[in-house]
Amino acid sequence: MYARRRGSPVWMYSFPGQAPLIRPSLFVTCLWAVTPLAAQAGTATALAVASNSDGRLEVFGLASGGAVYHTWQTTANHSWAPWSGLGGEGFVQVAAGRQLDGRLEVFALGPGGNVRHVAQLRPRGDGGWGDWSSFDTEDFVQIEVGRNADGRLELFVLGDDGAVYHVWQDTANGPWGGWSTLGGRGYRQIAVGPNADGRLELFALDGRGSVHHAWQGRPDGPWGDWSPLEGRGLRQIAVGRNADGRLEVFGLGEDGSVSHAWQSEAGGAWGAWSVLTFPGPPLAQIEASANADGRLEVAGLRGDGAVDHVWQTTPNGAWGEWSPLAGRDLEQITVGRNADGRLETFAVGGDGRVYHAWQTAPGSAWDAWVVLQP
């Protein structure tokens with residue numbers, strides 16, 4: 001998740017009953033490749049969304065002082081609980097994953113690059129949450145979460161040296177091991193996606209706007225070396241998976257256009273980059289997600305704070321034209337999928353409140369933006 005520049009050295013986000021969250025300016029000239037909160041990473045997250053084991057979406061965000069707040073659907077597909085504090089302080093990025101047993105786990109990046117985490121005590125959050133604990137790290141600037149084929153969560157981080165590090169659970173739902181390096185040099189953003197056979201694949205954007213990738217040699221297994229995936233002049237990447245299992249990478253260019261590249265077959269070689277139709281107004285952020293029928297959809301946050309989107313016309317197939325998803329003065333977007341298959345987009349507004357909009361039916365038209373639990 002990322003935020004666009006507001007022409008001010010700070011952004012302010014707030015949750016009900018809380019003072020506004022003030023965050024240092026993450027980017028100076030564009031979204032994913034500029035002067036960030038941590039200059040080497042080019043990324044920061046104020047919102048994250050995850051799905052509980054019963055399908056209820058849960059949204060996590062950073063409030064005043066860097067504490068984590070969350071809200072969740074009280075029943076699958078609709079109705080949200082009031083925002084509630086999850087604790088912590090001084091965090092600058094938040095991410096979430098789901099354990100094999102259904103418990104959500106939240107990861108947060110704090111001052112000095114320290115990573116902390118906290119998990120639900122029981123699936124669906126029925127027993128509340130545990131206490132925050134530390135990975136005893138420093139100098140990390142971005143976090144990403146993946147889940148192995150056997151259900152073990154794996155955390156990937158970008159160091160301020162531009163290299164990639166990772167740590168994983170020793171057993172599904174169990175304790176975490178020690179940190180290991182995945183190498184790399186001069187990277188400024190990472191993203192992860194699961195192949196059709198369960199092998200995780202990691203993508204990294206370097207300082208020249210080119211993409212590199214590395215992948216597990218077998219499901220749950222060791223990682224290979226980094227290989228170039230080409231691309232040029234990109235400032236942000238996002239990953240989706242087609243209905244037939246082929247991964248597809250989307251890149252936001254310096255000119256605000258979107259390019260994409262995809263595997264020729266599930267888990268196989270990659271083709272060349274091509275332009276994903278020109279969106280019109282330049283974009284500042286992109287998010288990729290999959291509809292209930294498997295058609296990929298890309299949402300793009302425009303520089304003026306509105307949202308556009310484009311989608312495959314058939315699963316695994318061609319793409320249509322960009323269309324407005326409305327919104328106004330939005331600064332950051334993330335996307336989740338409801339239990340019934342409807343996509344739902346969440347955004348931080350310029351007024352510091354969180355907004356959301358959703359499909360009226362799976363793969364169908366979208367409703368208007370409204371405040372998420374004002």
# chains A, B, ... in the order shown; residues from 1 in each chain; ligands from 1
>>> closest_atom_pairs(of="segment 115-230 of chain A", to="segment 82-88 of chain A", cutoff="12 Å", atoms="only C-alpha atoms", output="JSON lines")
{"residue": "A:Val115", "atom": "CA", "partner": "A:Gly88", "partner_atom": "CA", "distance": 11.2}
{"residue": "A:Arg116", "atom": "CA", "partner": "A:Gly88", "partner_atom": "CA", "distance": 8.8}
{"residue": "A:His117", "atom": "CA", "partner": "A:Gly88", "partner_atom": "CA", "distance": 9.5}
{"residue": "A:Val118", "atom": "CA", "partner": "A:Leu86", "partner_atom": "CA", "distance": 9.0}
{"residue": "A:Ala119", "atom": "CA", "partner": "A:Leu86", "partner_atom": "CA", "distance": 10.3}
{"residue": "A:Gln120", "atom": "CA", "partner": "A:Leu86", "partner_atom": "CA", "distance": 10.6}
{"residue": "A:Gly125", "atom": "CA", "partner": "A:Leu86", "partner_atom": "CA", "distance": 11.9}
{"residue": "A:Gly128", "atom": "CA", "partner": "A:Leu86", "partner_atom": "CA", "distance": 9.7}
{"residue": "A:Trp129", "atom": "CA", "partner": "A:Leu86", "partner_atom": "CA", "distance": 7.9}
{"residue": "A:Gly130", "atom": "CA", "partner": "A:Leu86", "partner_atom": "CA", "distance": 9.6}
{"residue": "A:Asp131", "atom": "CA", "partner": "A:Gly87", "partner_atom": "CA", "distance": 8.7}
{"residue": "A:Trp132", "atom": "CA", "partner": "A:Gly88", "partner_atom": "CA", "distance": 7.1}
{"residue": "A:Ser133", "atom": "CA", "partner": "A:Gly88", "partner_atom": "CA", "distance": 9.8}
{"residue": "A:Ser134", "atom": "CA", "partner": "A:Gly88", "partner_atom": "CA", "distance": 11.0}
>>> write_last_selection(atoms="N, CA and C atoms", output="compact mmCIF listing (two decimals), in the first residue's frame")
# COMPACT_ATOMS: atom_id res chain seq x y z
N VAL A 115 10.63 -4.72 13.23
CA VAL A 115 9.37 -5.36 12.85
C VAL A 115 8.77 -6.06 14.07
N ARG A 116 7.48 -5.79 14.31
CA ARG A 116 6.75 -6.43 15.40
C ARG A 116 5.54 -7.14 14.81
N HIS A 117 4.98 -8.08 15.58
CA HIS A 117 3.82 -8.81 15.08
C HIS A 117 2.91 -9.22 16.23
N VAL A 118 1.64 -9.44 15.89
CA VAL A 118 0.63 -9.84 16.86
C VAL A 118 -0.40 -10.69 16.12
N ALA A 119 -0.98 -11.68 16.79
CA ALA A 119 -1.90 -12.60 16.13
C ALA A 119 -3.18 -12.77 16.95
N GLN A 120 -4.25 -13.14 16.25
CA GLN A 120 -5.48 -13.50 16.94
C GLN A 120 -5.23 -14.75 17.79
N GLY A 125 -11.05 -14.12 15.53
CA GLY A 125 -10.87 -13.12 16.56
C GLY A 125 -11.77 -13.29 17.76
N GLY A 128 -10.04 -12.57 21.01
CA GLY A 128 -9.21 -11.38 21.06
C GLY A 128 -7.85 -11.61 20.43
N TRP A 129 -6.95 -10.72 20.74
CA TRP A 129 -5.60 -10.74 20.17
C TRP A 129 -4.56 -10.91 21.26
N GLY A 130 -3.42 -11.46 20.91
CA GLY A 130 -2.32 -11.60 21.84
C GLY A 130 -1.56 -10.30 22.02
N ASP A 131 -0.36 -10.40 22.56
CA ASP A 131 0.50 -9.23 22.77
C ASP A 131 1.47 -9.09 21.60
N TRP A 132 1.87 -7.86 21.36
CA TRP A 132 2.87 -7.59 20.34
C TRP A 132 4.23 -8.18 20.76
N SER A 133 4.92 -8.75 19.83
CA SER A 133 6.28 -9.22 20.07
C SER A 133 7.18 -8.76 18.94
N SER A 134 8.48 -8.73 19.20
CA SER A 134 9.43 -8.16 18.25
C SER A 134 10.25 -9.25 17.57
>>> residues_around(residues="Ala288 of chain A", least_positions_apart="6", cutoff="6 Å", atoms="only C-alpha atoms", output="PyMOL selection string")
chain A and resi 240+297-298
>>> write_last_selection(atoms="C-alpha atoms", output="PDB file, in the first residue's frame")
ATOM      1  CA  GLY A 240      -2.001 -10.834  -9.606  1.00  0.00           C
ATOM      2  CA  GLU A 297      -8.901  -6.216 -12.228  1.00  0.00           C
ATOM      3  CA  VAL A 298      -6.549  -3.285 -11.694  1.00  0.00           C
TER       4      VAL A 298
END
>>> select_by_dssp(residues="segment 266-357 of chain A", states="strand (DSSP E or B)", output="number ranges by chain")
A: 270, 274-275, 283-290, 296-302, 307-312, 319, 323-326, 330-337, 343-349, 354-357
>>> residues_around(residues="Leu62 of chain A", least_positions_apart="5", cutoff="6 Å", atoms="only C-alpha atoms", output="ChimeraX atom specification")
/A:46,67-68
>>> write_last_selection(atoms="N, CA and C atoms", output="mmCIF file, in the first residue's frame")
data_model
loop_
_atom_site.group_PDB
_atom_site.id
_atom_site.type_symbol
_atom_site.label_atom_id
_atom_site.label_comp_id
_atom_site.auth_asym_id
_atom_site.auth_seq_id
_atom_site.Cartn_x
_atom_site.Cartn_y
_atom_site.Cartn_z
ATOM 1 N N ALA A 46 -0.509 2.659 5.103
ATOM 2 C CA ALA A 46 -1.371 3.140 6.167
ATOM 3 C C ALA A 46 -2.585 2.254 6.340
ATOM 4 N N ALA A 67 -0.126 3.923 16.319
ATOM 5 C CA ALA A 67 -0.821 2.758 16.848
ATOM 6 C C ALA A 67 -1.675 2.123 15.761
ATOM 7 N N VAL A 68 -1.949 0.821 15.903
ATOM 8 C CA VAL A 68 -2.769 0.102 14.942
ATOM 9 C C VAL A 68 -4.215 0.070 15.423
#
>>> residues_around(residues="Val348 of chain A", least_positions_apart="2", cutoff="10 Å", atoms="only C-alpha atoms", output="list in words")
Ala3, Met12, Tyr13, Ser14, Ala46, Leu47, Gly61, Asp329, Leu330, Glu331, Gln332, Ile333, Thr334, Phe346, Gly350, Asp351, Gly352, Arg353, Val354, Tyr355, His356, Val371 and Leu372 of chain A
